[in-house]
>>> print(open('start.txt').read())   # compact mmCIF, C-alpha atoms and all ligand atoms
# COMPACT_ATOMS: atom_id res chain seq x y z
CA MET A 589 199.03 118.34 95.03
CA SER A 590 195.68 117.70 93.45
CA GLN A 591 196.89 115.91 90.31
CA VAL A 592 199.92 113.82 89.42
CA LYS A 593 201.42 112.58 86.18
CA VAL A 594 203.18 109.25 86.70
CA ASN A 595 205.77 108.20 84.15
CA PRO A 596 206.41 104.56 83.15
CA SER A 597 209.18 102.82 85.09
CA SER A 598 212.00 100.64 83.90
CA GLU A 599 213.23 97.58 85.83
CA PHE A 600 214.06 98.09 89.51
CA SER A 601 215.49 96.18 92.44
CA LEU A 602 214.63 97.68 95.83
CA LYS A 603 214.41 97.03 99.55
CA ILE A 604 211.90 99.22 101.39
CA SER A 605 211.80 99.55 105.16
CA GLU A 606 209.57 102.64 105.26
CA ILE A 607 206.19 101.18 104.23
CA ALA A 608 203.47 102.98 106.24
CA PRO A 609 202.76 101.35 109.63
CA ASP A 610 199.62 99.24 109.83
CA LYS A 611 196.43 101.29 109.97
CA SER A 612 194.22 98.67 111.66
CA ILE A 613 196.77 98.00 114.41
CA SER A 614 197.50 101.72 114.93
CA HIS A 615 193.81 102.57 115.46
CA ARG A 616 193.44 99.68 117.88
CA SER A 617 196.61 100.43 119.83
CA ALA A 618 195.43 103.98 120.60
CA MET A 619 191.89 102.89 121.52
CA PHE A 620 192.80 99.79 123.53
CA SER A 621 195.27 101.78 125.65
CA MET A 622 192.17 103.32 127.24
CA LEU A 623 191.26 99.90 128.66
CA ALA A 624 194.61 99.45 130.45
CA LYS A 625 195.88 100.25 133.90
CA GLY A 626 199.23 101.96 133.43
CA THR A 627 200.98 103.41 130.43
CA SER A 628 200.88 101.80 127.00
CA GLU A 629 203.86 102.37 124.70
CA ILE A 630 203.39 102.40 120.96
CA THR A 631 206.23 102.80 118.48
CA ASN A 632 205.92 103.10 114.72
CA PHE A 633 202.34 104.40 115.10
CA LEU A 634 200.89 105.34 111.70
CA ARG A 635 201.08 109.14 111.48
CA ALA A 636 198.40 109.49 108.83
CA GLU A 637 195.12 111.39 108.93
CA ASP A 638 192.87 108.45 109.90
CA THR A 639 194.93 107.25 112.83
CA LEU A 640 195.92 110.74 114.03
CA ASN A 641 192.18 111.46 114.21
CA THR A 642 191.77 108.39 116.43
CA LEU A 643 194.65 109.57 118.63
CA GLU A 644 193.04 113.01 118.93
CA ILE A 645 189.73 111.40 119.96
CA VAL A 646 191.53 109.31 122.58
CA LYS A 647 192.94 112.60 123.97
CA ASN A 648 189.48 114.18 123.91
CA LEU A 649 188.22 111.21 125.91
CA GLY A 650 190.59 112.12 128.72
CA ALA A 651 193.70 110.02 128.01
CA THR A 652 197.14 111.50 128.57
CA VAL A 653 199.18 111.18 125.40
CA VAL A 654 202.91 111.89 125.47
CA ASP A 655 204.55 111.75 122.07
CA ASP A 656 208.33 112.21 121.71
CA GLY A 657 208.14 111.67 117.96
CA THR A 658 209.21 108.01 118.26
CA THR A 659 207.15 106.47 121.04
CA ILE A 660 203.60 107.43 121.93
CA LYS A 661 202.79 106.81 125.60
CA ILE A 662 199.11 106.65 126.47
CA SER A 663 197.64 106.44 129.96
CA SER A 664 194.02 106.78 130.96
CA ASP A 665 192.01 106.53 134.12
CA GLY A 666 188.76 105.77 132.34
CA ILE A 667 186.88 107.23 129.41
CA LYS A 668 185.68 110.79 130.15
CA GLU A 669 182.77 112.64 128.56
CA SER A 670 184.08 115.16 126.02
CA SER A 671 182.81 118.64 125.18
CA GLU A 672 184.24 118.12 121.67
CA ILE A 673 182.56 116.50 118.68
CA LEU A 674 184.70 113.44 117.99
CA ASP A 675 185.81 113.60 114.35
CA CYS A 676 186.82 110.26 112.77
CA GLY A 677 187.65 111.96 109.44
CA ASN A 678 187.56 109.38 106.66
CA SER A 679 187.82 106.32 108.87
CA GLY A 680 185.12 103.66 109.07
CA THR A 681 187.34 101.66 111.44
CA GLY A 682 187.61 104.64 113.80
CA MET A 683 183.88 105.31 113.85
CA ARG A 684 182.71 101.70 114.15
CA LEU A 685 185.18 100.70 116.86
CA PHE A 686 184.45 103.85 118.88
CA CYS A 687 180.75 102.91 118.76
CA GLY A 688 181.63 99.67 120.59
CA LEU A 689 184.05 101.33 123.00
CA LEU A 690 181.76 104.22 123.95
CA SER A 691 178.48 102.30 124.18
CA SER A 692 179.18 101.43 127.80
CA ALA A 693 181.17 104.55 128.80
CA ASN A 694 179.79 107.09 131.23
CA GLY A 695 178.50 110.11 129.34
CA HIS A 696 177.25 111.40 126.02
CA PHE A 697 179.38 111.40 122.86
CA ILE A 698 178.99 112.61 119.26
CA LEU A 699 180.93 110.92 116.46
CA THR A 700 181.20 112.45 113.03
CA GLY A 701 183.39 112.19 109.93
CA ASP A 702 184.09 113.68 106.51
CA GLU A 703 181.57 113.79 103.64
CA TYR A 704 182.51 110.24 102.54
CA LEU A 705 182.26 108.67 105.99
CA ARG A 706 178.93 110.39 106.63
CA ARG A 707 177.56 108.41 103.65
CA ARG A 708 178.78 104.98 104.85
CA PRO A 709 176.50 102.45 106.61
CA MET A 710 176.72 102.37 110.40
CA LYS A 711 173.67 100.23 111.11
CA ARG A 712 175.88 97.13 110.95
CA VAL A 713 177.24 98.25 114.35
CA THR A 714 174.47 100.43 115.74
CA ALA A 715 171.78 97.71 115.28
CA PRO A 716 173.52 94.87 117.20
CA LEU A 717 174.72 97.33 119.83
CA ARG A 718 171.18 98.69 120.30
CA ASP A 719 169.94 95.10 120.66
CA ILE A 720 172.10 94.69 123.76
CA GLY A 721 170.97 97.95 125.32
CA ALA A 722 173.27 100.59 123.81
CA LYS A 723 171.74 104.01 123.26
CA LEU A 724 172.96 105.03 119.82
CA ASP A 725 171.29 107.17 117.20
CA GLY A 726 171.99 108.91 113.93
CA ARG A 727 170.36 109.90 110.66
CA LYS A 728 168.28 107.20 108.91
CA ASP A 729 167.48 105.56 112.24
CA GLY A 730 171.08 105.20 113.31
CA ASP A 731 172.57 104.25 109.93
CA LEU A 732 174.35 107.50 109.07
CA ALA A 733 176.75 109.72 111.04
CA PRO A 734 176.81 112.03 112.89
CA LEU A 735 176.06 109.48 115.59
CA SER A 736 175.16 110.18 119.18
CA ILE A 737 175.96 107.72 121.94
CA ARG A 738 174.80 107.79 125.53
CA GLY A 739 176.70 105.18 127.53
CA ALA A 740 174.44 102.47 128.97
CA SER A 741 174.62 99.07 130.65
CA LEU A 742 175.02 96.34 128.08
CA LYS A 743 173.48 92.87 128.15
CA ALA A 744 175.40 89.67 127.43
CA PHE A 745 174.86 88.41 123.88
CA ASP A 746 175.28 85.59 121.38
CA TYR A 747 175.43 87.37 118.05
CA GLU A 748 175.70 85.77 114.62
CA SER A 749 176.85 88.30 112.05
CA LYS A 750 175.85 87.95 108.39
CA ILE A 751 178.93 89.86 107.23
CA ALA A 752 182.59 89.00 107.71
CA SER A 753 183.63 92.37 109.06
CA ALA A 754 186.47 92.97 111.51
CA GLN A 755 185.00 96.37 112.30
CA VAL A 756 181.67 94.90 113.40
CA LYS A 757 183.42 92.05 115.26
CA SER A 758 185.75 94.49 117.02
CA ALA A 759 182.91 96.84 118.03
CA MET A 760 181.02 93.90 119.53
CA ILE A 761 184.10 92.53 121.32
CA LEU A 762 184.71 95.97 122.86
CA ALA A 763 181.08 96.07 123.98
CA ALA A 764 181.33 92.50 125.34
CA LEU A 765 184.25 93.50 127.58
CA ARG A 766 181.78 95.65 129.55
CA ALA A 767 178.63 93.51 129.20
CA ASP A 768 176.87 91.82 132.13
CA GLY A 769 177.88 88.25 131.21
CA THR A 770 179.87 86.06 128.81
CA CYS A 771 179.24 86.92 125.16
CA SER A 772 179.81 85.18 121.86
CA TYR A 773 180.24 86.58 118.37
CA THR A 774 180.13 84.33 115.30
CA GLU A 775 181.07 85.47 111.80
CA PRO A 776 180.46 83.74 108.44
CA GLU A 777 184.16 83.83 107.48
CA LEU A 778 187.13 84.76 109.65
CA SER A 779 187.85 88.49 109.31
CA ARG A 780 191.12 90.14 110.37
CA ASP A 781 191.82 89.25 113.99
CA HIS A 782 194.04 92.03 115.39
CA THR A 783 191.47 92.93 118.06
CA GLU A 784 191.41 89.41 119.49
CA ARG A 785 195.20 89.06 119.40
CA MET A 786 195.93 92.46 120.93
CA LEU A 787 193.29 92.29 123.68
CA LYS A 788 194.36 88.75 124.59
CA GLY A 789 197.95 90.01 124.73
CA MET A 790 196.72 92.64 127.21
CA GLY A 791 195.17 89.92 129.38
CA ALA A 792 191.53 89.96 128.25
CA GLU A 793 189.67 86.64 128.44
CA ILE A 794 188.96 85.98 124.78
CA GLU A 795 188.70 82.52 123.32
CA VAL A 796 188.55 81.93 119.60
CA GLN A 797 186.83 78.70 118.49
CA GLY A 798 186.95 78.76 114.68
CA LEU A 799 184.46 81.42 113.61
CA LYS A 800 183.17 81.95 117.13
CA THR A 801 184.79 84.38 119.58
CA ILE A 802 183.86 84.06 123.25
CA VAL A 803 184.46 87.09 125.44
CA THR A 804 184.33 87.20 129.23
CA PRO A 805 183.74 90.75 130.50
CA MET A 806 186.73 92.51 132.10
CA LYS A 807 186.90 92.11 135.86
CA GLU A 808 189.67 94.68 136.09
CA LEU A 809 191.61 96.94 133.76
CA LEU A 810 193.93 95.20 131.28
CA SER A 811 197.73 95.26 131.17
CA PRO A 812 199.24 98.07 129.09
CA LEU A 813 200.03 97.45 125.47
CA VAL A 814 203.69 97.57 124.48
CA ILE A 815 203.82 97.35 120.73
CA ARG A 816 205.86 98.22 117.69
CA VAL A 817 203.32 98.54 114.88
CA PRO A 818 204.42 96.46 111.85
CA ALA A 819 204.26 97.76 108.28
CA ASP A 820 200.82 97.64 106.67
CA PRO A 821 200.46 94.80 104.13
CA SER A 822 197.70 96.74 102.37
CA SER A 823 200.11 99.64 101.78
CA ALA A 824 203.01 97.28 100.98
CA PHE A 825 200.83 95.61 98.36
CA PHE A 826 200.93 98.64 96.03
CA PHE A 827 204.69 98.10 95.74
CA ALA A 828 204.24 94.33 95.42
CA VAL A 829 202.05 94.97 92.37
CA ALA A 830 204.60 97.50 91.08
CA ALA A 831 207.27 94.75 91.06
CA ALA A 832 204.89 92.11 89.71
CA ILE A 833 203.97 94.18 86.63
CA THR A 834 207.41 95.61 85.82
CA PRO A 835 209.58 93.11 83.88
CA ASN A 836 212.86 92.07 85.60
CA SER A 837 211.97 93.84 88.85
CA ASN A 838 212.00 92.73 92.45
CA ILE A 839 211.26 94.29 95.81
CA VAL A 840 211.78 93.40 99.45
CA LEU A 841 209.10 94.84 101.75
CA GLU A 842 210.45 94.87 105.29
CA GLY A 843 208.78 94.43 108.68
CA VAL A 844 205.26 93.71 107.41
CA THR A 845 202.61 91.88 109.46
CA LEU A 846 202.39 88.35 108.05
CA ASN A 847 199.06 87.68 109.80
CA GLU A 848 197.22 85.11 107.61
CA THR A 849 194.10 87.31 107.51
CA ARG A 850 196.10 90.12 105.90
CA ILE A 851 198.36 88.58 103.23
CA GLU A 852 195.80 86.84 101.04
CA ALA A 853 196.36 89.37 98.22
CA PHE A 854 200.06 88.41 98.10
CA LYS A 855 198.94 84.78 97.85
CA ALA A 856 196.60 85.72 95.00
CA LEU A 857 199.46 87.47 93.21
CA ALA A 858 201.56 84.31 93.69
CA ARG A 859 198.73 82.22 92.20
CA MET A 860 198.93 84.54 89.19
CA GLY A 861 202.59 83.57 88.76
CA ALA A 862 204.59 86.19 90.69
CA ASP A 863 207.46 84.80 92.76
CA ILE A 864 206.65 85.69 96.39
CA ARG A 865 208.55 84.70 99.57
CA TYR A 866 207.90 85.36 103.25
CA GLU A 867 210.50 85.43 106.01
CA ILE A 868 209.26 85.71 109.62
CA SER A 869 211.55 87.69 111.93
CA ASP A 870 209.33 88.43 114.97
CA ASN A 871 206.13 87.16 116.58
CA LYS A 872 204.65 89.42 119.25
CA TYR A 873 200.86 89.64 119.02
CA GLU A 874 201.29 88.44 115.41
CA PRO A 875 203.96 87.21 112.95
CA ILE A 876 206.04 89.95 111.32
CA GLY A 877 208.71 89.76 108.61
CA ASN A 878 209.81 90.52 105.07
CA ILE A 879 207.97 89.84 101.82
CA THR A 880 209.97 89.52 98.61
CA VAL A 881 208.18 89.91 95.28
CA LYS A 882 209.76 89.15 91.90
CA TYR A 883 208.31 89.84 88.49
CA ALA A 884 207.07 86.93 86.39
CA PRO A 885 204.50 86.87 83.55
CA LEU A 886 201.05 86.88 85.18
CA ASN A 887 198.01 84.72 84.44
CA ALA A 888 194.35 85.41 85.24
CA ILE A 889 192.74 83.97 88.39
CA THR A 890 189.34 83.81 90.10
CA VAL A 891 189.04 85.35 93.56
CA GLU A 892 185.94 84.24 95.47
CA ASP A 893 186.95 82.85 98.90
CA ASN A 894 188.16 84.60 102.06
CA ILE A 895 187.25 87.88 100.45
CA SER A 896 187.61 89.84 103.69
CA TRP A 897 191.27 88.79 103.78
CA LEU A 898 192.03 90.79 100.62
CA ILE A 899 189.16 93.25 100.43
CA ASP A 900 191.41 96.31 100.81
CA GLU A 901 193.87 95.08 98.20
CA LEU A 902 191.38 94.26 95.42
CA PRO A 903 191.78 97.64 93.66
CA ALA A 904 195.58 97.15 93.41
CA LEU A 905 195.17 93.46 92.54
CA SER A 906 192.90 94.56 89.69
CA ILE A 907 195.83 96.43 88.14
CA ALA A 908 197.72 93.12 88.13
CA PHE A 909 194.63 91.49 86.54
CA ALA A 910 194.77 94.10 83.76
CA CYS A 911 198.38 93.07 83.04
CA ALA A 912 197.71 89.31 83.15
CA LYS A 913 196.93 86.81 80.40
CA GLY A 914 193.24 85.88 80.40
CA MET A 915 190.11 86.94 82.27
CA SER A 916 190.22 87.38 86.05
CA VAL A 917 187.02 87.13 88.06
CA VAL A 918 186.11 88.67 91.44
CA LYS A 919 183.01 87.25 93.18
CA ASN A 920 181.36 87.56 96.63
CA ALA A 921 182.86 91.03 97.06
CA GLU A 922 179.72 93.16 97.57
CA GLU A 923 181.42 94.71 100.62
CA LEU A 924 183.59 96.64 98.13
CA ARG A 925 180.56 98.81 97.41
CA VAL A 926 180.57 100.35 100.91
CA LYS A 927 184.26 101.19 101.28
CA GLU A 928 185.75 104.71 101.01
CA SER A 929 184.14 104.70 97.54
CA ASP A 930 181.99 102.11 95.75
CA ARG A 931 185.15 100.24 94.77
CA ILE A 932 183.44 97.95 92.26
CA ALA A 933 182.25 101.03 90.38
CA THR A 934 185.49 103.03 90.75
CA VAL A 935 187.77 100.13 89.73
CA VAL A 936 185.58 99.28 86.73
CA LYS A 937 185.32 102.90 85.60
CA GLY A 938 189.08 103.42 85.98
CA LEU A 939 190.05 100.28 84.06
CA LEU A 940 187.58 101.08 81.27
CA ALA A 941 189.21 104.52 80.94
CA CYS A 942 192.57 102.70 80.58
CA GLY A 943 191.21 100.65 77.65
CA ILE A 944 190.74 97.39 79.59
CA GLU A 945 187.67 95.18 79.01
CA VAL A 946 185.69 94.82 82.24
CA SER A 947 182.21 93.69 83.25
CA GLU A 948 180.50 94.79 86.44
CA TYR A 949 178.27 92.61 88.65
CA GLU A 950 176.51 93.37 91.90
CA ASP A 951 179.11 91.40 93.91
CA GLY A 952 182.21 91.75 91.74
CA TYR A 953 183.65 92.20 88.26
CA THR A 954 185.72 90.57 85.55
CA VAL A 955 188.91 91.97 84.04
CA GLN A 956 190.24 90.84 80.67
CA GLY A 957 194.00 91.26 80.70
CA GLY A 958 195.23 93.56 77.93
CA GLU A 959 197.33 96.62 77.41
CA LEU A 960 196.87 99.47 79.90
CA LYS A 961 196.69 102.87 78.22
CA PRO A 962 197.29 106.27 79.83
CA ALA A 963 194.16 108.03 81.09
CA LEU A 964 193.03 110.65 83.58
CA ILE A 965 191.68 108.86 86.67
CA ASP A 966 189.60 110.44 89.42
CA SER A 967 190.21 108.87 92.84
CA HIS A 968 186.69 109.75 94.05
CA GLY A 969 188.37 110.67 97.34
CA ASP A 970 189.44 107.05 97.85
CA HIS A 971 193.12 106.55 98.80
CA ARG A 972 193.31 102.97 97.50
CA ILE A 973 191.84 103.92 94.11
CA ALA A 974 194.34 106.80 93.79
CA MET A 975 197.36 104.62 94.65
CA SER A 976 196.23 101.65 92.52
CA PHE A 977 195.97 103.71 89.33
CA ILE A 978 199.24 105.50 90.10
CA ILE A 979 200.85 102.02 90.16
CA ALA A 980 199.13 101.26 86.82
CA GLY A 981 200.98 104.32 85.54
CA LEU A 982 204.29 102.45 85.99
CA ARG A 983 203.26 100.39 82.92
CA CYS A 984 202.03 103.07 80.60
CA GLY A 985 202.01 106.53 82.26
CA MET A 986 198.90 107.89 84.00
CA ASP A 987 197.33 111.08 85.32
CA VAL A 988 195.50 110.72 88.63
CA ARG A 989 193.53 113.49 90.32
CA ASP A 990 192.18 114.15 93.83
CA LEU A 991 195.20 112.91 95.74
CA GLU A 992 194.77 114.36 99.24
CA CYS A 993 193.07 111.12 100.32
CA ILE A 994 196.45 109.32 100.14
CA ASN A 995 197.33 111.07 103.41
CA THR A 996 194.65 109.05 105.22
CA SER A 997 196.82 105.91 105.11
CA PHE A 998 200.18 106.36 103.35
CA PRO A 999 201.65 109.87 103.67
CA ASN A 1000 205.12 108.85 102.35
CA PHE A 1001 203.73 106.99 99.31
CA PHE A 1002 205.19 109.42 96.74
CA GLU A 1003 208.57 109.49 98.49
CA LEU A 1004 208.80 105.72 97.97
CA LEU A 1005 207.30 105.82 94.48
CA LYS A 1006 210.04 108.23 93.41
CA LYS A 1007 212.56 105.40 94.02
CA ILE A 1008 210.90 103.66 91.05
CA THR A 1009 209.81 106.38 88.65
CA THR A 1010 209.42 110.09 88.09
CA VAL A 1011 206.25 112.01 88.81
CA GLU A 1012 205.07 115.54 88.07
CA PHE A 1013 202.51 117.30 90.26
CA LYS A 1014 200.04 119.76 88.76
C1 LIG B 1 189.34 97.06 108.99
C2 LIG B 1 188.44 96.15 108.55
C3 LIG B 1 187.98 96.08 107.16
C4 LIG B 1 188.91 96.85 106.23
C5 LIG B 1 189.28 98.19 106.77
C6 LIG B 1 189.99 98.04 108.10
C7 LIG B 1 189.72 97.05 110.42
O1 LIG B 1 186.67 96.63 107.07
O2 LIG B 1 188.30 96.99 104.97
O3 LIG B 1 190.12 98.88 105.88
O4 LIG B 1 190.74 97.66 110.80
O5 LIG B 1 188.99 96.42 111.20
P1 LIG B 1 185.36 95.75 107.36
O6 LIG B 1 185.39 95.35 108.77
O7 LIG B 1 184.22 96.66 107.04
O8 LIG B 1 185.43 94.59 106.43
>>> encode(input="start.txt", output="structure tokens")
Amino acid sequence: MSQVKVNPSSEFSLKISEIAPDKSISHRSAMFSMLAKGTSEITNFLRAEDTLNTLEIVKNLGATVVDDGTTIKISSDGIKESSEILDCGNSGTGMRLFCGLLSSANGHFILTGDEYLRRRPMKRVTAPLRDIGAKLDGRKDGDLAPLSIRGASLKAFDYESKIASAQVKSAMILAALRADGTCSYTEPELSRDHTERMLKGMGAEIEVQGLKTIVTPMKELLSPLVIRVPADPSSAFFFAVAAAITPNSNIVLEGVTLNETRIEAFKALARMGADIRYEISDNKYEPIGNITVKYAPLNAITVEDNISWLIDELPALSIAFACAKGMSVVKNAEELRVKESDRIATVVKGLLACGIEVSEYEDGYTVQGGELKPALIDSHGDHRIAMSFIIAGLRCGMDVRDLECINTSFPNFFELLKKITTVEFK
């Protein structure tokens, strides 16, 4: 399955309940279970490469994991030194959050990842953690994995981050839980807040005051997590774009987290003209419900605020930009350059190959809506690039190569896509 030919779709009307479970929440649920006294119970855990790697690491760190195929039960009596090298695969979230979790654990740990992850910047977590006493190292003075961590005592901190990153915030909150006094973390823009919500739900003393998060170190182990992981809005968004660019189509995406910090891309698509509705059905840890998306002719927009709220969806949103009337603009999105690929470069290159006029800037790009043409797109090992251009293929047909990366986040993507169109694997 290294290359696929996607054929154009005709109108569709669908309800999907099998969108991949949320990746961010799945990683966190496995890791945070190690901070609880008793057994955590996780249902609808994302069984994709990234999160299964995290689960494997949790096992290597001494947790007991019992998986009956539906519910994963995790119990731990403290993080144990492992004789294994801890392999995060493709996942920046896995590696960065484990840096925070392991910085104060007893023992020595090695974290590594695949060729892409070993190129991604880690100093954003290793530097602030070192400042509070953590003993972390890696290539380029701690910027590149493999990383080594020797657990140490951590000092209380007041840290002001220059980047709005939930991974950095989460690593520092995990460190703060074991620091020697009350800590605060301030970010320039609110990033996704699953860590705060889940840890608070487990009884941690975490207070959020706007952009500042105040953490009181744990006096005792937390209560176990009992969670059903909602569907991932970032995965659901590929199908939202599919409906938004296919005339007379509509889709209902069921059981998705409706957390404000995660649905900004749907709001952007609505600003472009698509008819989008939300219906909350549950609210444990965070609001969860259905999102309905109906086709309507799309108009160009500018995206420049709350970028971290739609950073993962920008590649798919760019396919909607290509189908819209006028020139869309993305600004303040330099973080895209350090994702699974340099997503400014890979989106721009892909759209150019499809005959769309684009301009590239250091912190973003512009897309002049036009007519997508079939092309051969290389994913550059980036799951979101692969899936975005496959969705573009619903308009005009497309060949996309290097598809294995889709298994990092959305293993049943093609199963769902086949409800809309036909595909041929080469
Ligand atoms: C994530 C945070 C974001 C996001 C990533 C998942 C998380 O990264 O892009 O896919 O689960 O915390 P940054 O924290 O680097 O913005």
>>> residues_near_ligand(input="start.txt", ligand="ligand LIG 1 (chain B)", cutoff="8 Å", atoms="only C-alpha atoms and all ligand atoms", output="ChimeraX atom specification")
/A:611-613,615-616,680-681,752-758,779-780,782,896,899-900,923,927
>>> residues_around(input="start.txt", residues="Val917 in chain A", least_positions_apart="5", cutoff="9 Å", atoms="only C-alpha atoms", output="NGL selection string")
:A and (888-892 or 909 or 952-956)
>>> residues_near_point(input="start.txt", point="(187.7, 94.9, 132.4)", cutoff="12 Å", atoms="only C-alpha atoms", output="PyMOL selection string")
chain A and resi 620+622-625+666+689+692+761-769+787-788+790-794+803-811
>>> residues_around(input="start.txt", residues="Ser605 in chain A", least_positions_apart="2", cutoff="7 Å", atoms="only C-alpha atoms", output="PDB file with C-alpha atoms, in the frame of the given file")
ATOM      1  CA  LYS A 603     214.410  97.030  99.550  1.00  0.00           C
ATOM      2  CA  ILE A 607     206.190 101.180 104.230  1.00  0.00           C
ATOM      3  CA  LEU A 841     209.100  94.840 101.750  1.00  0.00           C
ATOM      4  CA  GLU A 842     210.450  94.870 105.290  1.00  0.00           C
ATOM      5  CA  GLY A 843     208.780  94.430 108.680  1.00  0.00           C
TER       6      GLY A 843
END
>>> residues_around(input="start.txt", residues="range 709-711 of chain A", least_positions_apart="6", cutoff="8 Å", atoms="all atoms listed in the file", output="list in words")
Arg684, Gly730, Asp731, Leu732, Ala733 and Val926 of chain A
>>> closest_residue(input="start.txt", among="A:Val713, A:Thr934, A:Arg635, A:Phe854", to="Phe977 in chain A", atoms="all atoms listed in the file")
A:Thr934
>>> atom_distance(input="start.txt", atom1="CA of Ser837 in chain A", atom2="CA of Leu1004 in chain A")
15.3 Å
